[in-house]
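Asks: Sharing a structure here in structure tokens format.
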Amino acid sequence: AAVLEEARAWFVGRILHRVDGGDHVGFVLDPVKWGGAREPRRAAGRGAGEEPPLRLGDAAAIQPGHPAD
């Protein structure tokens, strides 16, 4: 699989299921290989430590059907 050199984190997985979503297709993957962030972001206002590059809460405010920016 191709991995972008500047990707902060990535994974590759086997497709277990495809789910028809009408105007899109969802995939359920079984991760087989992954790489971590080279420069983890720091936890803002939560003391010292590192957080993952993306958390579910980072995308919570995205509305379905939003325009791609």
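In the structure tokens, chains take the letters A, B, ... in the order shown, each chain's residues start at 1, and ligands count up from 1 in the order shown.
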Please provide as a PyMOL selection string all residues within 8 Å of stretch 21-38 of chain A, with the sequence filter that same-chain residues fewer than 6 positions apart are discarded (counting only C-alpha atoms).
Replies: chain A and resi 7-15+52-53
